[in-house]
Every structure is written in structure tokens, then in C-alpha cells.
Amino acid sequence: MFWPVFTSRLANTAVVIAVAVLAGARPVGREAGSRVLAATIGSGVLDASANLCYVLATRAGLFGIVAVLTSLYPGITVLLARVVLGERMQAVQRAGLVLAAIGVTLVTL
């Protein structure tokens, strides 16, 4: 049931390791700090959880809603840039986020 998620994670890991070896990158040790390690682990857990939820939702027959919600990931990226990095949002970005939220609301009704 969870083979798509497992296979995806395995392929991603293989590609990252291959690129790191070809680029001559060396492993990051303790000098990177605990925040980098926590962010890396958190990112991996959230990514795998999102993929797992996607597979479960599509198997439950909610594909229409899932497809709409997953297409909104650029909006989440913009919001994270605003919250985490403090970037300013342009008017067109704000309008896009509002329209996307309205669209999701209309689809789920």
C-alpha cells in the first residue's frame, strides 16, 4: 500500500547521494549545529508524511480534492517565504493567494 512513498524516498535518497559524491561534497558534522539537523529531519518527516497522506487520500477516492489542494504548493512556498524569511509579498502574490483560497473553498462545497 505504501510502496509508492517508499520507492519515491529511496529514489530521492539515491539521487542526492550520487550528486553529493559527484560534486565532492563532504558530510556535515556537528559544526553545522543542532538547528540544521533538526530542520533537515523535520523537512524529511513532513515531506514523507505529505506523500503518505496523498497516497491515502487518492486511494480513499478523494482524488478531485487532493489534486486541487496539491496544486496549491506554490502558495505555501510564498507564505513560508513571508513567515520564515520575512520576504515582502507583492500585490499580485496576495491576490493569487486569495483567489486560490476562494477556489479551494468553492471546490470543496
# chains A, B, ... in the order shown; residues from 1 in each chain; ligands from 1

call {"tool": "select_by_dssp", "arguments": {"residues": "chain A", "states": "helix (DSSP H, G or I)", "output": "PyMOL selection string"}}
result
chain A and resi 3-23+30-32+34-59+63-70+73-85+91-108

call {"tool": "write_last_selection", "arguments": {"atoms": "C-alpha atoms", "output": "PDB file, in the first residue's frame"}}
result
ATOM      1  CA  TRP A   3       5.220   1.227  -1.896  1.00  0.00           C
ATOM      2  CA  PRO A   4       4.902   4.440  -3.941  1.00  0.00           C
ATOM      3  CA  VAL A   5       6.080   6.529  -0.984  1.00  0.00           C
ATOM      4  CA  PHE A   6       8.877   4.100  -0.099  1.00  0.00           C
ATOM      5  CA  THR A   7      10.089   3.896  -3.698  1.00  0.00           C
ATOM      6  CA  SER A   8       9.988   7.675  -4.058  1.00  0.00           C
ATOM      7  CA  ARG A   9      12.037   8.225  -0.890  1.00  0.00           C
ATOM      8  CA  LEU A  10      14.547   5.559  -1.931  1.00  0.00           C
ATOM      9  CA  ALA A  11      14.993   7.082  -5.404  1.00  0.00           C
ATOM     10  CA  ASN A  12      15.360  10.592  -3.976  1.00  0.00           C
ATOM     11  CA  THR A  13      17.971   9.414  -1.489  1.00  0.00           C
ATOM     12  CA  ALA A  14      19.954   7.661  -4.223  1.00  0.00           C
ATOM     13  CA  VAL A  15      19.943  10.774  -6.427  1.00  0.00           C
ATOM     14  CA  VAL A  16      21.010  13.079  -3.588  1.00  0.00           C
ATOM     15  CA  ILE A  17      23.848  10.760  -2.570  1.00  0.00           C
ATOM     16  CA  ALA A  18      25.015  10.381  -6.185  1.00  0.00           C
ATOM     17  CA  VAL A  19      25.036  14.147  -6.758  1.00  0.00           C
ATOM     18  CA  ALA A  20      26.848  14.734  -3.459  1.00  0.00           C
ATOM     19  CA  VAL A  21      29.526  12.180  -4.364  1.00  0.00           C
ATOM     20  CA  LEU A  22      29.965  13.585  -7.885  1.00  0.00           C
ATOM     21  CA  ALA A  23      30.179  17.135  -6.518  1.00  0.00           C
ATOM     22  CA  ARG A  30      28.443  18.713  14.409  1.00  0.00           C
ATOM     23  CA  GLU A  31      29.819  22.092  13.358  1.00  0.00           C
ATOM     24  CA  ALA A  32      26.624  22.699  11.377  1.00  0.00           C
ATOM     25  CA  SER A  34      21.637  21.181  16.024  1.00  0.00           C
ATOM     26  CA  ARG A  35      19.258  23.579  14.262  1.00  0.00           C
ATOM     27  CA  VAL A  36      20.414  22.381  10.847  1.00  0.00           C
ATOM     28  CA  LEU A  37      19.984  18.757  11.882  1.00  0.00           C
ATOM     29  CA  ALA A  38      16.528  19.438  13.345  1.00  0.00           C
ATOM     30  CA  ALA A  39      15.459  21.328  10.212  1.00  0.00           C
ATOM     31  CA  THR A  40      16.701  18.508   7.989  1.00  0.00           C
ATOM     32  CA  ILE A  41      14.906  15.810   9.962  1.00  0.00           C
ATOM     33  CA  GLY A  42      11.748  17.908  10.214  1.00  0.00           C
ATOM     34  CA  SER A  43      11.752  18.562   6.485  1.00  0.00           C
ATOM     35  CA  GLY A  44      12.142  14.875   5.702  1.00  0.00           C
ATOM     36  CA  VAL A  45       9.390  13.831   8.091  1.00  0.00           C
ATOM     37  CA  LEU A  46       6.970  16.449   6.754  1.00  0.00           C
ATOM     38  CA  ASP A  47       7.750  15.547   3.138  1.00  0.00           C
ATOM     39  CA  ALA A  48       7.258  11.816   3.699  1.00  0.00           C
ATOM     40  CA  SER A  49       4.074  12.474   5.697  1.00  0.00           C
ATOM     41  CA  ALA A  50       2.655  14.661   2.924  1.00  0.00           C
ATOM     42  CA  ASN A  51       3.361  11.980   0.322  1.00  0.00           C
ATOM     43  CA  LEU A  52       1.803   9.321   2.533  1.00  0.00           C
ATOM     44  CA  CYS A  53      -1.326  11.445   3.064  1.00  0.00           C
ATOM     45  CA  TYR A  54      -1.551  11.999  -0.697  1.00  0.00           C
ATOM     46  CA  VAL A  55      -1.459   8.255  -1.392  1.00  0.00           C
ATOM     47  CA  LEU A  56      -4.045   7.536   1.319  1.00  0.00           C
ATOM     48  CA  ALA A  57      -6.380  10.268   0.059  1.00  0.00           C
ATOM     49  CA  THR A  58      -6.211   9.156  -3.556  1.00  0.00           C
ATOM     50  CA  ARG A  59      -6.915   5.571  -2.539  1.00  0.00           C
ATOM     51  CA  PHE A  63      -8.745  12.466  -5.924  1.00  0.00           C
ATOM     52  CA  GLY A  64     -10.567  15.631  -7.078  1.00  0.00           C
ATOM     53  CA  ILE A  65      -9.998  17.455  -3.815  1.00  0.00           C
ATOM     54  CA  VAL A  66      -6.470  16.097  -3.434  1.00  0.00           C
ATOM     55  CA  ALA A  67      -5.483  17.263  -6.909  1.00  0.00           C
ATOM     56  CA  VAL A  68      -6.714  20.782  -6.188  1.00  0.00           C
ATOM     57  CA  LEU A  69      -5.006  21.001  -2.807  1.00  0.00           C
ATOM     58  CA  THR A  70      -1.669  19.659  -4.042  1.00  0.00           C
ATOM     59  CA  TYR A  73       2.012  24.118  -3.111  1.00  0.00           C
ATOM     60  CA  PRO A  74       3.470  27.284  -4.704  1.00  0.00           C
ATOM     61  CA  GLY A  75       1.177  29.322  -2.463  1.00  0.00           C
ATOM     62  CA  ILE A  76       2.538  27.553   0.594  1.00  0.00           C
ATOM     63  CA  THR A  77       6.057  28.340  -0.590  1.00  0.00           C
ATOM     64  CA  VAL A  78       5.172  32.030  -0.851  1.00  0.00           C
ATOM     65  CA  LEU A  79       3.623  32.002   2.629  1.00  0.00           C
ATOM     66  CA  LEU A  80       6.653  30.247   4.110  1.00  0.00           C
ATOM     67  CA  ALA A  81       8.969  32.783   2.487  1.00  0.00           C
ATOM     68  CA  ARG A  82       6.914  35.522   4.123  1.00  0.00           C
ATOM     69  CA  VAL A  83       6.771  33.912   7.567  1.00  0.00           C
ATOM     70  CA  VAL A  84      10.217  32.316   7.786  1.00  0.00           C
ATOM     71  CA  LEU A  85      12.366  34.680   5.717  1.00  0.00           C
ATOM     72  CA  ALA A  91       0.117  42.671  -4.615  1.00  0.00           C
ATOM     73  CA  VAL A  92      -0.172  40.056  -7.350  1.00  0.00           C
ATOM     74  CA  GLN A  93       1.033  37.360  -4.921  1.00  0.00           C
ATOM     75  CA  ARG A  94      -1.510  38.397  -2.304  1.00  0.00           C
ATOM     76  CA  ALA A  95      -4.254  38.409  -4.931  1.00  0.00           C
ATOM     77  CA  GLY A  96      -3.180  34.965  -6.131  1.00  0.00           C
ATOM     78  CA  LEU A  97      -3.290  33.531  -2.631  1.00  0.00           C
ATOM     79  CA  VAL A  98      -6.749  34.986  -2.015  1.00  0.00           C
ATOM     80  CA  LEU A  99      -8.066  33.663  -5.330  1.00  0.00           C
ATOM     81  CA  ALA A 100      -6.578  30.228  -4.642  1.00  0.00           C
ATOM     82  CA  ALA A 101      -8.226  30.137  -1.211  1.00  0.00           C
ATOM     83  CA  ILE A 102     -11.563  31.123  -2.752  1.00  0.00           C
ATOM     84  CA  GLY A 103     -11.145  28.443  -5.421  1.00  0.00           C
ATOM     85  CA  VAL A 104     -10.432  25.730  -2.875  1.00  0.00           C
ATOM     86  CA  THR A 105     -13.455  26.814  -0.867  1.00  0.00           C
ATOM     87  CA  LEU A 106     -15.686  26.649  -3.923  1.00  0.00           C
ATOM     88  CA  VAL A 107     -14.396  23.225  -4.953  1.00  0.00           C
ATOM     89  CA  THR A 108     -14.944  21.711  -1.519  1.00  0.00           C
TER      90      THR A 108
END
